[in-house]
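Coordinates from query02.pdb are shown below (PDB, C-alpha atoms and all ligand atoms).
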ATOM      1  CA  MET L  11      99.322  96.302  99.886  1.00  0.00           C
ATOM      2  CA  THR L  12      99.376  96.116 103.677  1.00  0.00           C
ATOM      3  CA  LEU L  13     102.786  97.048 105.061  1.00  0.00           C
ATOM      4  CA  ILE L  14     103.457  96.805 108.794  1.00  0.00           C
ATOM      5  CA  GLN L  15     106.802  97.701 110.367  1.00  0.00           C
ATOM      6  CA  GLN L  16     108.345  95.528 113.075  1.00  0.00           C
ATOM      7  CA  TYR L  17     112.141  95.798 113.023  1.00  0.00           C
ATOM      8  CA  LEU L  18     114.111  92.826 114.300  1.00  0.00           C
ATOM      9  CA  THR L  19     116.258  94.980 116.576  1.00  0.00           C
ATOM     10  CA  LYS L  20     117.713  92.035 118.543  1.00  0.00           C
ATOM     11  CA  ASN L  21     118.901  90.236 115.394  1.00  0.00           C
ATOM     12  CA  ASP L  22     122.716  90.464 114.998  1.00  0.00           C
ATOM     13  CA  CYS L  23     122.245  91.740 111.429  1.00  0.00           C
ATOM     14  CA  TYR L  24     120.214  94.709 112.668  1.00  0.00           C
ATOM     15  CA  LYS L  25     122.793  95.315 115.403  1.00  0.00           C
ATOM     16  CA  ALA L  26     125.619  95.279 112.815  1.00  0.00           C
ATOM     17  CA  GLY L  27     123.625  98.012 111.025  1.00  0.00           C
ATOM     18  CA  VAL L  28     125.725  98.195 107.839  1.00  0.00           C
ATOM     19  CA  ALA L  29     124.454 100.928 105.499  1.00  0.00           C
ATOM     20  CA  MET L  30     123.504  99.979 101.928  1.00  0.00           C
ATOM     21  CA  THR L  31     122.456 101.810  98.779  1.00  0.00           C
ATOM     22  CA  PRO L  32     119.785  99.511  97.275  1.00  0.00           C
ATOM     23  CA  LYS L  33     120.495  98.443  93.677  1.00  0.00           C
ATOM     24  CA  GLY L  34     117.830  95.774  93.430  1.00  0.00           C
ATOM     25  CA  VAL L  35     115.363  93.463  95.132  1.00  0.00           C
ATOM     26  CA  MET L  36     115.864  89.740  95.770  1.00  0.00           C
ATOM     27  CA  VAL L  37     112.802  87.545  96.224  1.00  0.00           C
ATOM     28  CA  HIS L  38     113.022  84.563  98.564  1.00  0.00           C
ATOM     29  CA  SER L  39     110.622  82.028  99.972  1.00  0.00           C
ATOM     30  CA  THR L  40     111.056  80.338 103.311  1.00  0.00           C
ATOM     31  CA  GLY L  41     111.246  76.665 102.337  1.00  0.00           C
ATOM     32  CA  ALA L  42     108.967  75.663 105.222  1.00  0.00           C
ATOM     33  CA  ASP L  43     105.227  75.013 105.251  1.00  0.00           C
ATOM     34  CA  ASN L  44     104.100  77.801 107.568  1.00  0.00           C
ATOM     35  CA  PRO L  45     102.343  80.822 106.067  1.00  0.00           C
ATOM     36  CA  SER L  46     102.070  82.630 109.412  1.00  0.00           C
ATOM     37  CA  LEU L  47     104.045  85.897 109.685  1.00  0.00           C
ATOM     38  CA  ALA L  48     104.238  85.357 113.458  1.00  0.00           C
ATOM     39  CA  ARG L  49     106.486  82.358 112.805  1.00  0.00           C
ATOM     40  CA  TYR L  50     109.233  84.850 111.832  1.00  0.00           C
ATOM     41  CA  VAL L  51     108.456  88.022 113.770  1.00  0.00           C
ATOM     42  CA  PRO L  52     107.459  88.481 117.430  1.00  0.00           C
ATOM     43  CA  GLY L  53     104.117  89.821 116.226  1.00  0.00           C
ATOM     44  CA  ASN L  54     101.310  91.808 117.806  1.00  0.00           C
ATOM     45  CA  ALA L  55      97.514  91.727 117.961  1.00  0.00           C
ATOM     46  CA  THR L  56      97.247  92.197 114.171  1.00  0.00           C
ATOM     47  CA  ILE L  57     100.091  89.945 113.070  1.00  0.00           C
ATOM     48  CA  GLY L  58      99.462  87.321 115.737  1.00  0.00           C
ATOM     49  CA  ILE L  59     101.839  86.561 118.591  1.00  0.00           C
ATOM     50  CA  ASN L  60     104.785  84.173 118.372  1.00  0.00           C
ATOM     51  CA  ARG L  61     104.505  82.151 121.608  1.00  0.00           C
ATOM     52  CA  TYR L  62     107.480  79.873 120.960  1.00  0.00           C
ATOM     53  CA  GLY L  63     110.356  82.374 120.925  1.00  0.00           C
ATOM     54  CA  ASN L  64     111.571  80.948 117.592  1.00  0.00           C
ATOM     55  CA  HIS L  65     111.067  84.201 115.648  1.00  0.00           C
ATOM     56  CA  TRP L  66     114.015  86.058 114.110  1.00  0.00           C
ATOM     57  CA  ASN L  67     114.154  88.875 116.650  1.00  0.00           C
ATOM     58  CA  ARG L  68     116.920  87.309 118.688  1.00  0.00           C
ATOM     59  CA  PRO L  69     120.712  87.121 118.669  1.00  0.00           C
ATOM     60  CA  GLY L  70     122.657  84.159 117.335  1.00  0.00           C
ATOM     61  CA  LEU L  71     120.949  83.814 113.944  1.00  0.00           C
ATOM     62  CA  ASP L  72     123.000  84.172 110.790  1.00  0.00           C
ATOM     63  CA  ALA L  73     120.049  85.388 108.712  1.00  0.00           C
ATOM     64  CA  CYS L  74     117.863  88.456 108.426  1.00  0.00           C
ATOM     65  CA  VAL L  75     115.733  89.876 105.623  1.00  0.00           C
ATOM     66  CA  HIS L  76     114.107  93.260 105.035  1.00  0.00           C
ATOM     67  CA  ALA L  77     110.556  91.953 104.986  1.00  0.00           C
ATOM     68  CA  PHE L  78     108.294  88.921 105.181  1.00  0.00           C
ATOM     69  CA  ILE L  79     105.106  88.380 103.219  1.00  0.00           C
ATOM     70  CA  GLY L  80     102.608  85.972 104.725  1.00  0.00           C
ATOM     71  CA  GLN L  81      99.419  85.697 106.750  1.00  0.00           C
ATOM     72  CA  LEU L  82      98.278  87.928 109.558  1.00  0.00           C
ATOM     73  CA  ASP L  83      96.447  86.443 112.518  1.00  0.00           C
ATOM     74  CA  GLY L  84      93.081  86.741 110.742  1.00  0.00           C
ATOM     75  CA  GLY L  85      94.375  85.012 107.596  1.00  0.00           C
ATOM     76  CA  ALA L  86      94.736  88.128 105.394  1.00  0.00           C
ATOM     77  CA  VAL L  87      98.013  88.464 103.508  1.00  0.00           C
ATOM     78  CA  ALA L  88     100.347  91.345 104.401  1.00  0.00           C
ATOM     79  CA  ALA L  89     103.991  92.384 104.435  1.00  0.00           C
ATOM     80  CA  VAL L  90     106.009  93.098 107.577  1.00  0.00           C
ATOM     81  CA  GLN L  91     109.133  95.214 107.159  1.00  0.00           C
ATOM     82  CA  THR L  92     111.800  93.842 109.486  1.00  0.00           C
ATOM     83  CA  LEU L  93     114.914  95.880 108.548  1.00  0.00           C
ATOM     84  CA  PRO L  94     115.350  99.459 107.286  1.00  0.00           C
ATOM     85  CA  TRP L  95     115.557  99.257 103.478  1.00  0.00           C
ATOM     86  CA  GLU L  96     118.958 100.988 103.489  1.00  0.00           C
ATOM     87  CA  MET L  97     120.611  98.487 105.837  1.00  0.00           C
ATOM     88  CA  GLU L  98     122.343  95.349 104.580  1.00  0.00           C
ATOM     89  CA  GLY L  99     120.435  92.112 105.156  1.00  0.00           C
ATOM     90  CA  TRP L 100     121.891  88.626 105.583  1.00  0.00           C
ATOM     91  CA  HIS L 101     119.691  86.852 103.101  1.00  0.00           C
ATOM     92  CA  CYS L 102     121.588  85.245 100.246  1.00  0.00           C
ATOM     93  CA  GLY L 103     125.032  84.161 101.441  1.00  0.00           C
ATOM     94  CA  GLY L 104     126.794  86.173  98.730  1.00  0.00           C
ATOM     95  CA  SER L 105     127.599  89.665  97.502  1.00  0.00           C
ATOM     96  CA  GLY L 106     123.875  90.230  96.867  1.00  0.00           C
ATOM     97  CA  ASN L 107     123.706  91.074 100.562  1.00  0.00           C
ATOM     98  CA  HIS L 108     125.544  94.332  99.763  1.00  0.00           C
ATOM     99  CA  THR L 109     123.222  95.406  96.941  1.00  0.00           C
ATOM    100  CA  HIS L 110     119.744  93.886  97.176  1.00  0.00           C
ATOM    101  CA  ILE L 111     116.785  94.522  99.426  1.00  0.00           C
ATOM    102  CA  SER L 112     115.351  91.124 100.347  1.00  0.00           C
ATOM    103  CA  PHE L 113     112.059  89.641 101.363  1.00  0.00           C
ATOM    104  CA  GLU L 114     110.900  86.146 102.216  1.00  0.00           C
ATOM    105  CA  ILE L 115     107.497  84.928 101.139  1.00  0.00           C
ATOM    106  CA  CYS L 116     106.213  82.529 103.800  1.00  0.00           C
ATOM    107  CA  GLU L 117     105.497  79.252 102.048  1.00  0.00           C
ATOM    108  CA  ASP L 118     102.421  77.111 102.587  1.00  0.00           C
ATOM    109  CA  GLY L 119     102.164  73.611 101.112  1.00  0.00           C
ATOM    110  CA  LEU L 120     102.896  75.277  97.693  1.00  0.00           C
ATOM    111  CA  ASP L 121      99.688  74.000  96.063  1.00  0.00           C
ATOM    112  CA  ASP L 122      97.003  76.504  97.142  1.00  0.00           C
ATOM    113  CA  PRO L 123      96.319  78.873  94.206  1.00  0.00           C
ATOM    114  CA  HIS L 124      94.457  81.393  96.395  1.00  0.00           C
ATOM    115  CA  TYR L 125      97.304  81.786  98.846  1.00  0.00           C
ATOM    116  CA  PHE L 126      99.795  81.928  95.988  1.00  0.00           C
ATOM    117  CA  SER L 127      97.962  84.654  94.093  1.00  0.00           C
ATOM    118  CA  ALA L 128      97.576  86.741  97.261  1.00  0.00           C
ATOM    119  CA  VAL L 129     101.266  86.583  98.225  1.00  0.00           C
ATOM    120  CA  TYR L 130     102.362  87.002  94.588  1.00  0.00           C
ATOM    121  CA  ARG L 131     100.291  90.190  94.327  1.00  0.00           C
ATOM    122  CA  GLU L 132     101.684  91.480  97.631  1.00  0.00           C
ATOM    123  CA  ALA L 133     105.223  90.733  96.393  1.00  0.00           C
ATOM    124  CA  VAL L 134     104.571  92.590  93.114  1.00  0.00           C
ATOM    125  CA  GLU L 135     103.296  95.664  94.961  1.00  0.00           C
ATOM    126  CA  LEU L 136     106.098  95.674  97.546  1.00  0.00           C
ATOM    127  CA  THR L 137     108.767  95.310  94.838  1.00  0.00           C
ATOM    128  CA  ALA L 138     107.143  98.064  92.747  1.00  0.00           C
ATOM    129  CA  MET L 139     107.080 100.382  95.757  1.00  0.00           C
ATOM    130  CA  LEU L 140     110.779  99.724  96.396  1.00  0.00           C
ATOM    131  CA  CYS L 141     111.695 100.233  92.719  1.00  0.00           C
ATOM    132  CA  MET L 142     109.960 103.611  92.818  1.00  0.00           C
ATOM    133  CA  GLU L 143     111.554 104.591  96.104  1.00  0.00           C
ATOM    134  CA  TYR L 144     115.069 103.787  94.868  1.00  0.00           C
ATOM    135  CA  ASP L 145     114.582 104.741  91.215  1.00  0.00           C
ATOM    136  CA  LEU L 146     115.195 101.191  89.970  1.00  0.00           C
ATOM    137  CA  ASP L 147     113.911  99.814  86.658  1.00  0.00           C
ATOM    138  CA  PRO L 148     112.548  96.318  87.397  1.00  0.00           C
ATOM    139  CA  LEU L 149     113.266  95.279  83.794  1.00  0.00           C
ATOM    140  CA  ASP L 150     116.956  96.223  83.947  1.00  0.00           C
ATOM    141  CA  ASP L 151     119.320  93.258  84.081  1.00  0.00           C
ATOM    142  CA  GLY L 152     119.856  91.905  87.602  1.00  0.00           C
ATOM    143  CA  VAL L 153     117.624  94.402  89.408  1.00  0.00           C
ATOM    144  CA  VAL L 154     114.686  92.173  90.371  1.00  0.00           C
ATOM    145  CA  ILE L 155     115.817  88.585  90.845  1.00  0.00           C
ATOM    146  CA  CYS L 156     115.033  85.588  93.002  1.00  0.00           C
ATOM    147  CA  HIS L 157     117.540  83.711  95.176  1.00  0.00           C
ATOM    148  CA  ALA L 158     118.007  80.973  92.547  1.00  0.00           C
ATOM    149  CA  GLU L 159     118.759  83.580  89.869  1.00  0.00           C
ATOM    150  CA  GLY L 160     121.179  85.234  92.301  1.00  0.00           C
ATOM    151  CA  HIS L 161     123.076  81.929  92.500  1.00  0.00           C
ATOM    152  CA  THR L 162     123.207  81.666  88.701  1.00  0.00           C
ATOM    153  CA  ARG L 163     124.647  85.190  88.619  1.00  0.00           C
ATOM    154  CA  GLY L 164     127.248  84.297  91.247  1.00  0.00           C
ATOM    155  CA  ILE L 165     125.982  86.670  93.918  1.00  0.00           C
ATOM    156  CA  ALA L 166     124.044  84.217  96.116  1.00  0.00           C
ATOM    157  CA  SER L 167     124.355  80.753  97.662  1.00  0.00           C
ATOM    158  CA  ASN L 168     122.907  77.670  95.980  1.00  0.00           C
ATOM    159  CA  HIS L 169     119.195  77.808  96.807  1.00  0.00           C
ATOM    160  CA  GLY L 170     116.235  77.092  94.541  1.00  0.00           C
ATOM    161  CA  ASP L 171     113.762  79.680  95.807  1.00  0.00           C
ATOM    162  CA  VAL L 172     111.455  80.782  94.308  1.00  0.00           C
ATOM    163  CA  LEU L 173     111.708  78.606  91.190  1.00  0.00           C
ATOM    164  CA  HIS L 174     110.418  75.505  93.001  1.00  0.00           C
ATOM    165  CA  TRP L 175     107.129  77.371  93.695  1.00  0.00           C
ATOM    166  CA  PHE L 176     106.191  80.130  91.221  1.00  0.00           C
ATOM    167  CA  PRO L 177     106.149  77.839  88.118  1.00  0.00           C
ATOM    168  CA  ARG L 178     103.678  75.504  89.870  1.00  0.00           C
ATOM    169  CA  HIS L 179     101.220  78.391  89.529  1.00  0.00           C
ATOM    170  CA  GLY L 180     102.237  79.352  86.005  1.00  0.00           C
ATOM    171  CA  LYS L 181     104.511  82.255  86.942  1.00  0.00           C
ATOM    172  CA  THR L 182     108.118  82.769  85.907  1.00  0.00           C
ATOM    173  CA  MET L 183     110.448  85.443  87.268  1.00  0.00           C
ATOM    174  CA  ASP L 184     110.083  87.205  83.880  1.00  0.00           C
ATOM    175  CA  ASP L 185     106.320  87.351  84.534  1.00  0.00           C
ATOM    176  CA  PHE L 186     107.069  88.738  87.980  1.00  0.00           C
ATOM    177  CA  ARG L 187     109.373  91.464  86.596  1.00  0.00           C
ATOM    178  CA  GLU L 188     106.773  92.427  83.981  1.00  0.00           C
ATOM    179  CA  ASP L 189     104.024  92.567  86.613  1.00  0.00           C
ATOM    180  CA  VAL L 190     106.258  94.780  88.780  1.00  0.00           C
ATOM    181  CA  ALA L 191     106.931  97.086  85.803  1.00  0.00           C
ATOM    182  CA  LYS L 192     103.172  97.379  85.138  1.00  0.00           C
ATOM    183  CA  GLU L 193     102.571  98.159  88.801  1.00  0.00           C
ATOM    184  CA  VAL L 194     105.304 100.835  88.733  1.00  0.00           C
ATOM    185  CA  ASP L 195     103.555 102.423  85.719  1.00  0.00           C
ATOM    186  CA  SER L 196     100.197 102.444  87.432  1.00  0.00           C
ATOM    187  CA  MET L 197     101.650 103.733  90.733  1.00  0.00           C
ATOM    188  CA  THR L 198     103.511 106.452  88.783  1.00  0.00           C
ATOM    189  CA  GLU L 199     100.302 107.484  87.033  1.00  0.00           C
ATOM    190  CA  SER L 200      98.322 107.736  90.265  1.00  0.00           C
ATOM    191  CA  LYS L 201     101.213 109.596  91.892  1.00  0.00           C
ATOM    192  CA  ILE L 202     101.231 112.130  89.026  1.00  0.00           C
ATOM    193  CA  ARG L 203      97.443 112.492  89.239  1.00  0.00           C
ATOM    194  CA  GLN L 204      97.752 113.112  92.973  1.00  0.00           C
ATOM    195  CA  ILE L 205     100.456 115.762  92.403  1.00  0.00           C
ATOM    196  CA  VAL L 206      98.305 117.517  89.767  1.00  0.00           C
ATOM    197  CA  ARG L 207      95.248 117.454  92.060  1.00  0.00           C
ATOM    198  CA  GLU L 208      97.281 118.903  94.947  1.00  0.00           C
ATOM    199  CA  GLU L 209      98.798 121.557  92.665  1.00  0.00           C
ATOM    200  CA  MET L 210      95.367 122.594  91.371  1.00  0.00           C
ATOM    201  CA  ALA L 211      94.018 122.825  94.926  1.00  0.00           C
ATOM    202  CA  SER L 212      97.002 124.927  95.987  1.00  0.00           C
ATOM    203  CA  VAL L 213      96.622 127.314  93.007  1.00  0.00           C
ATOM    204  CA  GLU L 214      92.934 127.688  93.855  1.00  0.00           C
ATOM    205  CA  ALA L 215      93.767 128.397  97.509  1.00  0.00           C
ATOM    206  CA  GLU L 216      96.312 131.020  96.409  1.00  0.00           C
ATOM    207  CA  ARG L 217      93.721 132.711  94.193  1.00  0.00           C
ATOM    208  CA  ALA L 218      91.133 132.654  96.994  1.00  0.00           C
ATOM    209  CA  ALA L 219      93.601 134.380  99.329  1.00  0.00           C
ATOM    210  CA  GLN L 220      94.481 137.160  96.848  1.00  0.00           C
ATOM    211  CA  PRO L 221      93.362 140.697  97.744  1.00  0.00           C
ATOM    212  CA  ALA L 222      91.283 142.676  95.249  1.00  0.00           C
ATOM    213  CA  SER L 223      93.215 144.124  92.259  1.00  0.00           C
ATOM    214  CA  PRO L 224      93.946 147.876  92.369  1.00  0.00           C
ATOM    215  CA  TRP L 225      91.692 148.555  89.336  1.00  0.00           C
ATOM    216  CA  ALA L 226      88.745 146.789  91.012  1.00  0.00           C
ATOM    217  CA  VAL L 227      89.326 148.756  94.220  1.00  0.00           C
ATOM    218  CA  ASP L 228      89.586 152.044  92.224  1.00  0.00           C
ATOM    219  CA  ALA L 229      86.378 151.302  90.379  1.00  0.00           C
ATOM    220  CA  LYS L 230      84.697 150.257  93.653  1.00  0.00           C
ATOM    221  CA  VAL L 231      83.654 147.079  91.831  1.00  0.00           C
ATOM    222  CA  ILE L 232      83.518 144.947  94.941  1.00  0.00           C
ATOM    223  CA  THR L 233      81.724 147.382  97.230  1.00  0.00           C
ATOM    224  CA  ARG L 234      79.192 148.198  94.499  1.00  0.00           C
ATOM    225  CA  ALA L 235      78.561 144.499  93.794  1.00  0.00           C
ATOM    226  CA  LYS L 236      78.041 143.891  97.520  1.00  0.00           C
ATOM    227  CA  GLU L 237      75.653 146.821  97.827  1.00  0.00           C
ATOM    228  CA  ALA L 238      73.722 145.572  94.802  1.00  0.00           C
ATOM    229  CA  GLY L 239      73.446 142.109  96.401  1.00  0.00           C
ATOM    230  CA  ILE L 240      75.272 140.489  93.458  1.00  0.00           C
ATOM    231  CA  SER L 241      78.212 139.108  95.410  1.00  0.00           C
ATOM    232  CA  ASP L 242      79.337 138.800  99.025  1.00  0.00           C
ATOM    233  CA  GLY L 243      82.620 140.351  97.901  1.00  0.00           C
ATOM    234  CA  THR L 244      84.821 137.558  99.211  1.00  0.00           C
ATOM    235  CA  ARG L 245      87.575 135.774  97.253  1.00  0.00           C
ATOM    236  CA  PRO L 246      87.917 138.426  94.521  1.00  0.00           C
ATOM    237  CA  GLY L 247      90.807 136.525  92.850  1.00  0.00           C
ATOM    238  CA  SER L 248      89.036 133.121  92.721  1.00  0.00           C
ATOM    239  CA  THR L 249      87.872 131.424  89.572  1.00  0.00           C
ATOM    240  CA  MET L 250      84.081 131.387  89.262  1.00  0.00           C
ATOM    241  CA  THR L 251      82.006 128.278  88.656  1.00  0.00           C
ATOM    242  CA  ARG L 252      79.119 128.300  86.176  1.00  0.00           C
ATOM    243  CA  GLU L 253      76.625 128.076  89.045  1.00  0.00           C
ATOM    244  CA  GLU L 254      78.194 131.071  90.817  1.00  0.00           C
ATOM    245  CA  GLY L 255      77.946 133.001  87.528  1.00  0.00           C
ATOM    246  CA  MET L 256      74.274 132.057  87.170  1.00  0.00           C
ATOM    247  CA  ALA L 257      73.526 133.193  90.748  1.00  0.00           C
ATOM    248  CA  MET L 258      75.255 136.554  90.187  1.00  0.00           C
ATOM    249  CA  ILE L 259      73.459 137.213  86.895  1.00  0.00           C
ATOM    250  CA  LEU L 260      70.094 136.341  88.436  1.00  0.00           C
ATOM    251  CA  ALA L 261      70.857 138.664  91.370  1.00  0.00           C
ATOM    252  CA  ALA L 262      71.867 141.442  88.930  1.00  0.00           C
ATOM    253  CA  VAL L 263      68.690 141.207  86.914  1.00  0.00           C
ATOM    254  CA  GLY L 264      66.663 141.030  90.096  1.00  0.00           C
ATOM    255  CA  LYS L 265      65.193 137.543  89.669  1.00  0.00           C
TER     256      LYS L 265
HETATM  257 ZN    ZN C   1     116.439  82.375  99.669  1.00  0.00          ZN
END

Go through the file and emit its structure as C-alpha cells.
Amino acid sequence: MTLIQQYLTKNDCYKAGVAMTPKGVMVHSTGADNPSLARYVPGNATIGINRYGNHWNRPGLDACVHAFIGQLDGGAVAAVQTLPWEMEGWHCGGSGNHTHISFEICEDGLDDPHYFSAVYREAVELTAMLCMEYDLDPLDDGVVICHAEGHTRGIASNHGDVLHWFPRHGKTMDDFREDVAKEVDSMTESKIRQIVREEMASVEAERAAQPASPWAVDAKVITRAKEAGISDGTRPGSTMTREEGMAMILAAVGK
C-alpha cells in the first residue's frame, strides 16, 4: 500500500475539526469517471497537480472524506489521506459520519479489470490497516460497510456506491470484508514476527553488554583465554555461534 498524507485544511469539515472515535470504515466511490487523485486533492509532484482549482481543499463544500484511492501522476494506484482518522468526515449524509472512517475510490469507466483490482487491493490494505489501528474486527456486524449498505442500515443517505461497481468485477462487500480479515491476519503475523525479531536482537544486545561474571573474573578465565589466544575476551555474556566455538577450539588445540 502507498499512503500519502495531504490534509484538506481549507475544507470546512477539517476546519470544524470534530473529534471522533472510529467504530468502522465506510467505503465509497466517486460516481465520476476520473481515476486521477489530483482531481480531488491539490496534489504535488508525485500525485500530480490539480490545475483547475476544483479539488476539495477549499471552503464551501459540504463533503469531505478521510482518504481517496486512485491514480498518481505516473498511473500507479495509491491512497491519499485527507483528514486525520480521528476527525469526523462529511461523507455519508447520516449518523455514519459520527462513527465511520471514510474513503472514496476514484472511479474510472467501471469496466477496466486491471484498474479495479489495483484499487480493490489498495482498499483492502487501507481498511485492514485501519481495523488494526482501531482494534476493529472487519467481520463484526456494521464495521466495514459501503455507502449503499450504510443506507440500508439507516445511517447514510440513499447512494448506491459501491454496489454499482464491485459486482461488475465479481466482488461483493462480503468478499471485501473477508479479504480485509485475511489481510489483518497476515499483517498481525508479520507484526508479531517483527516484534519477536526486535526482542531477540535486544536480548542479544543486552547479553553483549554484560560484564564478566564474578566467578569468571575470580578464575581469571577471560584473561587466561586472551593470553592463550583463544578469545579476544570481549562480550563475555554473549551467546556463541557454532563457528565461534570451532575457532576457539582450533585456537586451543593450536591448529
Ligand atoms: Zn458514497

Give the centre and edge lengths of an axis-aligned box, in Å to one decimal, that holds all listed atoms of stretch 159-169 of chain L with 8 Å on each side, as lines of an AutoDock Vina configuration file.
center_x = 123.0
center_y = 82.2
center_z = 93.1
size_x = 24.5
size_y = 25.0
size_z = 25.0

Which residues are near ligand ZN 1 (chain C) in this structure, taking near to mean any atom at most 9 Å from a ligand atom and counting all atoms listed in the file? Format them as an MDAnalysis selection string. chainID L and resid 36:41 101:103 112:114 156:158 166:172

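Applied to this file, the PyMOL selection byres (((chain L and resi 209-220) around 12) and not hetatm) selects Ile202, Arg203, Gln204, Ile205, Val206, Arg207, Glu208, Pro221, Ala222, Ser223, Pro224, Gly243, Thr244, Arg245, Pro246, Gly247, Ser248, Thr249 and Met250 of chain L.
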
Please measure the separation of atom CA of L:Gly160 and atom CA of L:Ser105, giving the value in Å to one decimal. 9.4 Å

Would you write out, as a ChimeraX atom specification, every residue that the PyMOL selection byres (((chain L and resi 68) around 6) and not hetatm) captures in this file? /L:20-21,66-67,69

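Nearest residue to L:Gly106, choosing from L:Leu120, L:Met139, L:Thr162, L:Ala86 and counting only C-alpha atoms: L:Thr162.
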
One residue among L:Asp43, L:Glu193, L:Asp72, L:Asp83 is nearest to L:Asn60 when using all atoms listed in the file, and that residue is L:Asp83

Give me the residues near L:His108 as a ChimeraX atom specification, where near means some atom within 8 Å (using only C-alpha atoms) and where sequence neighbours in that chain fewer than 5 positions away do not count. /L:30,98-99

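Of the listed residues L:Met183, L:Val28, L:Ala42, L:Ala55, the one whose atoms come nearest to L:Ala133 is L:Met183, with distances taken using only C-alpha atoms.
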
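Residue nearest L:Asp121, chosen from L:Gly104, L:Pro177, L:Gly152, L:Gly85 and counting only C-alpha atoms: L:Pro177.
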
Quick one: stretch 58-69 of chain L with N, CA and C atoms, as a compact mmCIF listing (two decimals), keeping the file's coordinate frame?
# COMPACT_ATOMS: atom_id res chain seq x y z
N GLY L 58 99.50 88.57 114.97
CA GLY L 58 99.46 87.32 115.74
C GLY L 58 100.73 87.29 116.57
N ILE L 59 100.70 86.57 117.66
CA ILE L 59 101.84 86.56 118.59
C ILE L 59 102.61 85.25 118.45
N ASN L 60 103.94 85.36 118.37
CA ASN L 60 104.78 84.17 118.37
C ASN L 60 105.00 83.75 119.83
N ARG L 61 104.44 82.60 120.21
CA ARG L 61 104.50 82.15 121.61
C ARG L 61 105.65 81.19 121.87
N TYR L 62 106.45 80.92 120.81
CA TYR L 62 107.48 79.87 120.96
C TYR L 62 108.90 80.44 121.05
N GLY L 63 109.02 81.76 120.84
CA GLY L 63 110.36 82.37 120.92
C GLY L 63 111.27 81.97 119.77
N ASN L 64 110.72 81.38 118.71
CA ASN L 64 111.57 80.95 117.59
C ASN L 64 111.57 81.94 116.43
N HIS L 65 111.05 83.16 116.68
CA HIS L 65 111.07 84.20 115.65
C HIS L 65 112.51 84.67 115.42
N TRP L 66 112.66 85.63 114.49
CA TRP L 66 114.02 86.06 114.11
C TRP L 66 114.48 87.28 114.89
N ASN L 67 113.72 87.70 115.88
CA ASN L 67 114.15 88.88 116.65
C ASN L 67 114.96 88.44 117.87
N ARG L 68 116.06 87.77 117.58
CA ARG L 68 116.92 87.31 118.69
C ARG L 68 118.36 87.19 118.17
N PRO L 69 119.31 87.25 119.09
CA PRO L 69 120.71 87.12 118.67
C PRO L 69 121.04 85.67 118.31
